[in-house]
Amino acid sequence: NQKLADYDASLAVAMAEEVSRQEIHIELIASENYASRAVMEAQGSQLTNKYAEGYPGKRYYGGCEHVDQVEALAIKRACDLFGADYANVQPHSGAQANAAVFMALVSPGDTVLGMSLAHGGHLTHGAAPNFSGKHYNAFQYGLDPQTGEIDYAEMERLAREHKPKLIIAGFSAYSRVVDWRRFRNIADEVGAWLLVDMAHVAGLVAAGLYPSPLPHAHVVTSTTHKTLRGPRGGIILSAYHDESLYKKLNGAVFPGQQGGPLMHVIAAKAVAFREAMSQEFVRYQQQVIDNAQAMAEVFIERGYDVVSGGTDDHLFLVSLIRQGITGKDADAALGRAHITVNKNSVPNDPQSPFVTSGLRIGTPAVTTRGFNALECAELAGWICDILDALATEEGSAGVEAAVRQQVADICSRHPVYAEAAS
Ligand code: PLP
């Protein structure tokens, strides 16, 4: 029972360097966050040792009396937090949650309609290389190139024409409030199930700051590690009050898609759901939105195009088409200044999805470490300084070095885990 550093020095060094990177780099990837110590304690616990195939009270293994309590707590908290009457907390990830819902509701070859990956949807919403695009007859809606908002009329037209059995709403890169009711109305009209994947905004929904899809969707999936700030993992929820549907969903997770649940992760999900019920969490989510809006305003003032003209949530997309800068180059230049973002396709993008002409910027992680709106505005200014320089012949190396210093200063003022450890 040696400590990791004594047993496996090379691995321990790589892990320590990642911890350090998380402290000294500014994290603007919209899907990332810093989980609390309590979440990590649960996730790093002895519950990792337990096999518990099945569900609380109905397991295929002995010795499950305590993990039954853990899973029952997680389920109850998830239901209370989101106003659901059904929760499955076992999916290992968001993709697994979506795969289980597909398995429960549709058969291979059936028609499905989801948001295109290039327009902000997720791989599992019907993208060609994913199971959802390979095994199903997937059609895709997207954004109106003029407004940068979801083209609802086109989505409805596709639904009427192709009569999908499943419509998927939800996104990985969209900064506006989605009209969940409009999705449900068209689903009812064409006889489709509606799945809302709220992975990105689950924390905002939990805090009551983004409209909940629960009253509208038949089934809702989410990850637990983005704005929700829990461990990596997935959940399935519903408020449809349909026991036969819930039985199908449970069967699709286990034994349909998965074997034994990750009980240590389920314990960590239970912690995160509890944290999300606090007033502090509501204040945090409000700050996430305020910070995203403060940053988006700076980009607009500095002459950059923000897709849809702003944000209502935790992220926004910057289009660099007019500046002639690629997302790939911008991502690399910011990375050299210790600012982590991701390149992202934008409407009318002339570049391939690997190169792109945009950046996706999100504020959940910087807000967790305590950045306020003024600091976020300043940070957006540094990013613009680098992008401005990148568009010149001289390049951005000099500006990157100056910004790297500013980043080091602000990160040392806002430690993530370091302070609590000392
Ligand atoms: N759904 C959406 C909307 C996402 O953005 C993501 C992750 O980026 C997923 C599902 C997949 O989650 P995971 O990476 O846990 O499989």
# chains A, B, ... in the order shown; residues from 1 in each chain; ligands from 1
>>> residues_around(residues="stretch 383-394 of chain A", least_positions_apart="5", cutoff="8 Å", atoms="only C-alpha atoms", output="ChimeraX atom specification")
/A:299,302,323-325,330,333-334,399-400
>>> write_last_selection(atoms="N, CA and C atoms", output="PDB file, in the first residue's frame")
ATOM      1  N   PHE A 299     -15.204  41.652 -26.523  1.00  0.00           N
ATOM      2  CA  PHE A 299     -14.899  41.212 -27.892  1.00  0.00           C
ATOM      3  C   PHE A 299     -15.637  42.089 -28.902  1.00  0.00           C
ATOM      4  N   ARG A 302     -14.130  45.504 -29.182  1.00  0.00           N
ATOM      5  CA  ARG A 302     -12.840  45.454 -29.876  1.00  0.00           C
ATOM      6  C   ARG A 302     -12.984  45.046 -31.347  1.00  0.00           C
ATOM      7  N   GLN A 323     -11.416  38.717 -39.631  1.00  0.00           N
ATOM      8  CA  GLN A 323     -10.001  39.007 -39.351  1.00  0.00           C
ATOM      9  C   GLN A 323      -9.078  38.097 -40.163  1.00  0.00           C
ATOM     10  N   GLY A 324      -9.652  37.037 -40.750  1.00  0.00           N
ATOM     11  CA  GLY A 324      -8.831  36.111 -41.537  1.00  0.00           C
ATOM     12  C   GLY A 324      -7.894  35.274 -40.676  1.00  0.00           C
ATOM     13  N   ILE A 325      -8.254  35.088 -39.408  1.00  0.00           N
ATOM     14  CA  ILE A 325      -7.430  34.266 -38.511  1.00  0.00           C
ATOM     15  C   ILE A 325      -8.132  32.909 -38.372  1.00  0.00           C
ATOM     16  N   ALA A 330      -5.353  30.749 -33.551  1.00  0.00           N
ATOM     17  CA  ALA A 330      -5.717  31.541 -32.366  1.00  0.00           C
ATOM     18  C   ALA A 330      -5.586  30.689 -31.106  1.00  0.00           C
ATOM     19  N   ALA A 333      -1.891  30.307 -30.276  1.00  0.00           N
ATOM     20  CA  ALA A 333      -1.274  31.539 -29.748  1.00  0.00           C
ATOM     21  C   ALA A 333      -1.718  31.779 -28.300  1.00  0.00           C
ATOM     22  N   LEU A 334      -3.012  31.566 -28.026  1.00  0.00           N
ATOM     23  CA  LEU A 334      -3.504  31.763 -26.654  1.00  0.00           C
ATOM     24  C   LEU A 334      -2.903  30.720 -25.721  1.00  0.00           C
ATOM     25  N   VAL A 399       3.389  39.975 -27.621  1.00  0.00           N
ATOM     26  CA  VAL A 399       2.168  40.154 -26.821  1.00  0.00           C
ATOM     27  C   VAL A 399       1.911  38.908 -25.974  1.00  0.00           C
ATOM     28  N   GLU A 400       2.163  37.745 -26.564  1.00  0.00           N
ATOM     29  CA  GLU A 400       1.953  36.488 -25.810  1.00  0.00           C
ATOM     30  C   GLU A 400       2.790  36.484 -24.530  1.00  0.00           C
TER      31      GLU A 400
END
>>> select_by_dssp(residues="stretch 167-412 of chain A", states="strand (DSSP E)", output="ChimeraX atom specification")
/A:167-170,193-197,219-223,234-238,305-306,315-319,339-340,342-343,358-362
>>> closest_residue(among="A:Tyr284, A:Val355, A:Asn33, A:Ala373", to="A:Glu297", atoms="only C-alpha atoms")
A:Ala373
>>> closest_atom_pairs(of="stretch 215-281 of chain A", to="stretch 85-102 of chain A", cutoff="8 Å", atoms="only C-alpha atoms", output="Markdown table")
| residue | atom | partner | partner_atom | distance |
| --- | --- | --- | --- | --- |
| A:Val219 | CA | A:Val101 | CA | 7.9 |
| A:Thr221 | CA | A:Ala97 | CA | 6.3 |
| A:Ser222 | CA | A:Gly94 | CA | 5.8 |
| A:Thr223 | CA | A:Gly94 | CA | 4.7 |
| A:Arg232 | CA | A:Ser93 | CA | 6.7 |
| A:Gly233 | CA | A:Ser93 | CA | 4.1 |
| A:Gly234 | CA | A:Ser93 | CA | 4.2 |
| A:Ile235 | CA | A:Val89 | CA | 4.8 |
| A:Ile236 | CA | A:Asn88 | CA | 5.1 |
| A:Leu237 | CA | A:Ala87 | CA | 4.5 |
| A:Ser238 | CA | A:Tyr86 | CA | 5.2 |
| A:Ala239 | CA | A:Asp85 | CA | 5.2 |
| A:Tyr240 | CA | A:Asp85 | CA | 7.6 |
| A:His241 | CA | A:Asp85 | CA | 6.6 |
| A:Tyr246 | CA | A:Tyr86 | CA | 7.0 |
| A:Leu249 | CA | A:Val101 | CA | 6.3 |
| A:Asn250 | CA | A:Asn88 | CA | 6.9 |
| A:Ala252 | CA | A:Ala100 | CA | 5.0 |
| A:Val253 | CA | A:Ala100 | CA | 5.3 |
| A:Gly256 | CA | A:Ala100 | CA | 7.2 |
| A:Gln257 | CA | A:Ala100 | CA | 6.3 |
| A:Gln258 | CA | A:Pro91 | CA | 7.7 |
| A:Pro261 | CA | A:Gln90 | CA | 5.5 |
| A:Leu262 | CA | A:Gln90 | CA | 7.1 |
| A:Ile266 | CA | A:Val89 | CA | 6.5 |
| A:Lys269 | CA | A:Val89 | CA | 7.8 |
>>> write_last_selection(atoms="N, CA and C atoms", output="PDB file, in the first residue's frame")
ATOM      1  N   VAL A 219     -37.527  12.900 -22.169  1.00  0.00           N
ATOM      2  CA  VAL A 219     -36.317  12.443 -21.477  1.00  0.00           C
ATOM      3  C   VAL A 219     -35.258  13.545 -21.546  1.00  0.00           C
ATOM      4  N   THR A 221     -31.080  14.209 -20.759  1.00  0.00           N
ATOM      5  CA  THR A 221     -29.771  13.670 -20.364  1.00  0.00           C
ATOM      6  C   THR A 221     -28.850  14.828 -20.007  1.00  0.00           C
ATOM      7  N   SER A 222     -27.803  14.480 -19.272  1.00  0.00           N
ATOM      8  CA  SER A 222     -26.802  15.502 -18.949  1.00  0.00           C
ATOM      9  C   SER A 222     -25.486  14.840 -18.583  1.00  0.00           C
ATOM     10  N   THR A 223     -24.437  15.611 -18.686  1.00  0.00           N
ATOM     11  CA  THR A 223     -23.200  15.235 -18.014  1.00  0.00           C
ATOM     12  C   THR A 223     -23.258  15.870 -16.623  1.00  0.00           C
ATOM     13  N   ARG A 232     -16.770  13.551 -13.543  1.00  0.00           N
ATOM     14  CA  ARG A 232     -17.093  13.181 -14.928  1.00  0.00           C
ATOM     15  C   ARG A 232     -18.151  12.100 -14.902  1.00  0.00           C
ATOM     16  N   GLY A 233     -19.221  12.275 -15.668  1.00  0.00           N
ATOM     17  CA  GLY A 233     -20.240  11.235 -15.698  1.00  0.00           C
ATOM     18  C   GLY A 233     -21.508  11.709 -16.382  1.00  0.00           C
ATOM     19  N   GLY A 234     -22.488  10.816 -16.475  1.00  0.00           N
ATOM     20  CA  GLY A 234     -23.755  11.162 -17.118  1.00  0.00           C
ATOM     21  C   GLY A 234     -24.944  10.829 -16.233  1.00  0.00           C
ATOM     22  N   ILE A 235     -26.097  11.401 -16.559  1.00  0.00           N
ATOM     23  CA  ILE A 235     -27.360  11.077 -15.881  1.00  0.00           C
ATOM     24  C   ILE A 235     -28.497  11.115 -16.908  1.00  0.00           C
ATOM     25  N   ILE A 236     -29.565  10.401 -16.582  1.00  0.00           N
ATOM     26  CA  ILE A 236     -30.790  10.473 -17.380  1.00  0.00           C
ATOM     27  C   ILE A 236     -31.911  10.862 -16.420  1.00  0.00           C
ATOM     28  N   LEU A 237     -32.744  11.807 -16.837  1.00  0.00           N
ATOM     29  CA  LEU A 237     -33.826  12.305 -15.992  1.00  0.00           C
ATOM     30  C   LEU A 237     -35.132  12.315 -16.779  1.00  0.00           C
ATOM     31  N   SER A 238     -36.232  12.296 -16.069  1.00  0.00           N
ATOM     32  CA  SER A 238     -37.518  12.530 -16.734  1.00  0.00           C
ATOM     33  C   SER A 238     -38.536  13.027 -15.720  1.00  0.00           C
ATOM     34  N   ALA A 239     -39.476  13.808 -16.206  1.00  0.00           N
ATOM     35  CA  ALA A 239     -40.622  14.235 -15.386  1.00  0.00           C
ATOM     36  C   ALA A 239     -41.901  13.882 -16.151  1.00  0.00           C
ATOM     37  N   TYR A 240     -41.835  12.794 -16.901  1.00  0.00           N
ATOM     38  CA  TYR A 240     -42.954  12.418 -17.787  1.00  0.00           C
ATOM     39  C   TYR A 240     -43.940  11.479 -17.093  1.00  0.00           C
ATOM     40  N   HIS A 241     -43.578  11.049 -15.898  1.00  0.00           N
ATOM     41  CA  HIS A 241     -44.461  10.182 -15.093  1.00  0.00           C
ATOM     42  C   HIS A 241     -44.922   8.948 -15.883  1.00  0.00           C
ATOM     43  N   TYR A 246     -39.588   4.481 -17.944  1.00  0.00           N
ATOM     44  CA  TYR A 246     -38.458   4.439 -17.002  1.00  0.00           C
ATOM     45  C   TYR A 246     -37.843   3.044 -16.952  1.00  0.00           C
ATOM     46  N   LEU A 249     -35.690   2.733 -19.955  1.00  0.00           N
ATOM     47  CA  LEU A 249     -34.440   3.505 -19.816  1.00  0.00           C
ATOM     48  C   LEU A 249     -33.470   2.776 -18.893  1.00  0.00           C
ATOM     49  N   ASN A 250     -33.969   2.285 -17.755  1.00  0.00           N
ATOM     50  CA  ASN A 250     -33.087   1.551 -16.841  1.00  0.00           C
ATOM     51  C   ASN A 250     -32.487   0.328 -17.530  1.00  0.00           C
ATOM     52  N   ALA A 252     -31.953  -0.082 -20.631  1.00  0.00           N
ATOM     53  CA  ALA A 252     -31.011   0.302 -21.680  1.00  0.00           C
ATOM     54  C   ALA A 252     -29.650   0.678 -21.093  1.00  0.00           C
ATOM     55  N   VAL A 253     -29.649   1.248 -19.876  1.00  0.00           N
ATOM     56  CA  VAL A 253     -28.352   1.558 -19.233  1.00  0.00           C
ATOM     57  C   VAL A 253     -27.705   0.250 -18.776  1.00  0.00           C
ATOM     58  N   GLY A 256     -28.299  -3.015 -20.929  1.00  0.00           N
ATOM     59  CA  GLY A 256     -28.193  -2.664 -22.352  1.00  0.00           C
ATOM     60  C   GLY A 256     -26.835  -2.139 -22.785  1.00  0.00           C
ATOM     61  N   GLN A 257     -26.348  -1.131 -22.061  1.00  0.00           N
ATOM     62  CA  GLN A 257     -25.118  -0.466 -22.495  1.00  0.00           C
ATOM     63  C   GLN A 257     -23.941  -0.706 -21.563  1.00  0.00           C
ATOM     64  N   GLN A 258     -24.210  -0.926 -20.302  1.00  0.00           N
ATOM     65  CA  GLN A 258     -23.132  -0.967 -19.318  1.00  0.00           C
ATOM     66  C   GLN A 258     -23.209  -2.222 -18.461  1.00  0.00           C
ATOM     67  N   PRO A 261     -22.032  -0.379 -12.336  1.00  0.00           N
ATOM     68  CA  PRO A 261     -21.950   1.082 -12.190  1.00  0.00           C
ATOM     69  C   PRO A 261     -20.690   1.484 -11.429  1.00  0.00           C
ATOM     70  N   LEU A 262     -20.244   2.701 -11.639  1.00  0.00           N
ATOM     71  CA  LEU A 262     -19.050   3.223 -10.945  1.00  0.00           C
ATOM     72  C   LEU A 262     -19.540   3.857  -9.645  1.00  0.00           C
ATOM     73  N   ILE A 266     -20.779   7.622  -8.583  1.00  0.00           N
ATOM     74  CA  ILE A 266     -22.165   7.900  -8.174  1.00  0.00           C
ATOM     75  C   ILE A 266     -22.167   8.631  -6.820  1.00  0.00           C
ATOM     76  N   LYS A 269     -21.347  12.100  -7.608  1.00  0.00           N
ATOM     77  CA  LYS A 269     -22.511  12.794  -8.189  1.00  0.00           C
ATOM     78  C   LYS A 269     -23.449  13.247  -7.067  1.00  0.00           C
TER      79      LYS A 269
END
>>> closest_residue(among="A:Ile321, A:Val196, A:Ala78, A:Ala206", to="A:Asp305", atoms="only C-alpha atoms")
A:Ile321
>>> closest_residue(among="A:Asp409, A:Ser308, A:Ala418, A:Gly230", to="A:Gln43", atoms="only C-alpha atoms")
A:Gly230
>>> atom_distance(atom1="atom CA of A:Tyr136", atom2="atom CA of A:Asp349")
26.8 Å
>>> residues_around(residues="A:Asp179", least_positions_apart="2", cutoff="9 Å", atoms="only C-alpha atoms", output="compact mmCIF listing (two decimals) with C-alpha atoms, in the first residue's frame")
# COMPACT_ATOMS: atom_id res chain seq x y z
CA TYR A 152 -36.43 26.59 -35.77
CA VAL A 177 -31.87 30.27 -24.60
CA ARG A 181 -41.51 24.11 -25.88
CA ARG A 182 -41.22 24.66 -29.61
CA PHE A 183 -39.25 21.41 -29.89
CA PRO A 211 -35.17 27.44 -18.57
CA PRO A 213 -36.24 21.35 -20.25
>>> residues_around(residues="A:Ser212", least_positions_apart="3", cutoff="10 Å", atoms="only C-alpha atoms", output="ChimeraX atom specification")
/A:82-83,178,180,196,198,201-202,204-209,215-217,220
>>> closest_residue(among="A:Leu166, A:Ala138, A:Ala173, A:Val70", to="ligand 1", atoms="only C-alpha atoms and all ligand atoms")
A:Ala173
>>> residues_around(residues="A:Glu154", least_positions_apart="2", cutoff="10 Å", atoms="only C-alpha atoms", output="number ranges by chain")
A: 140-144, 150-152, 156-160
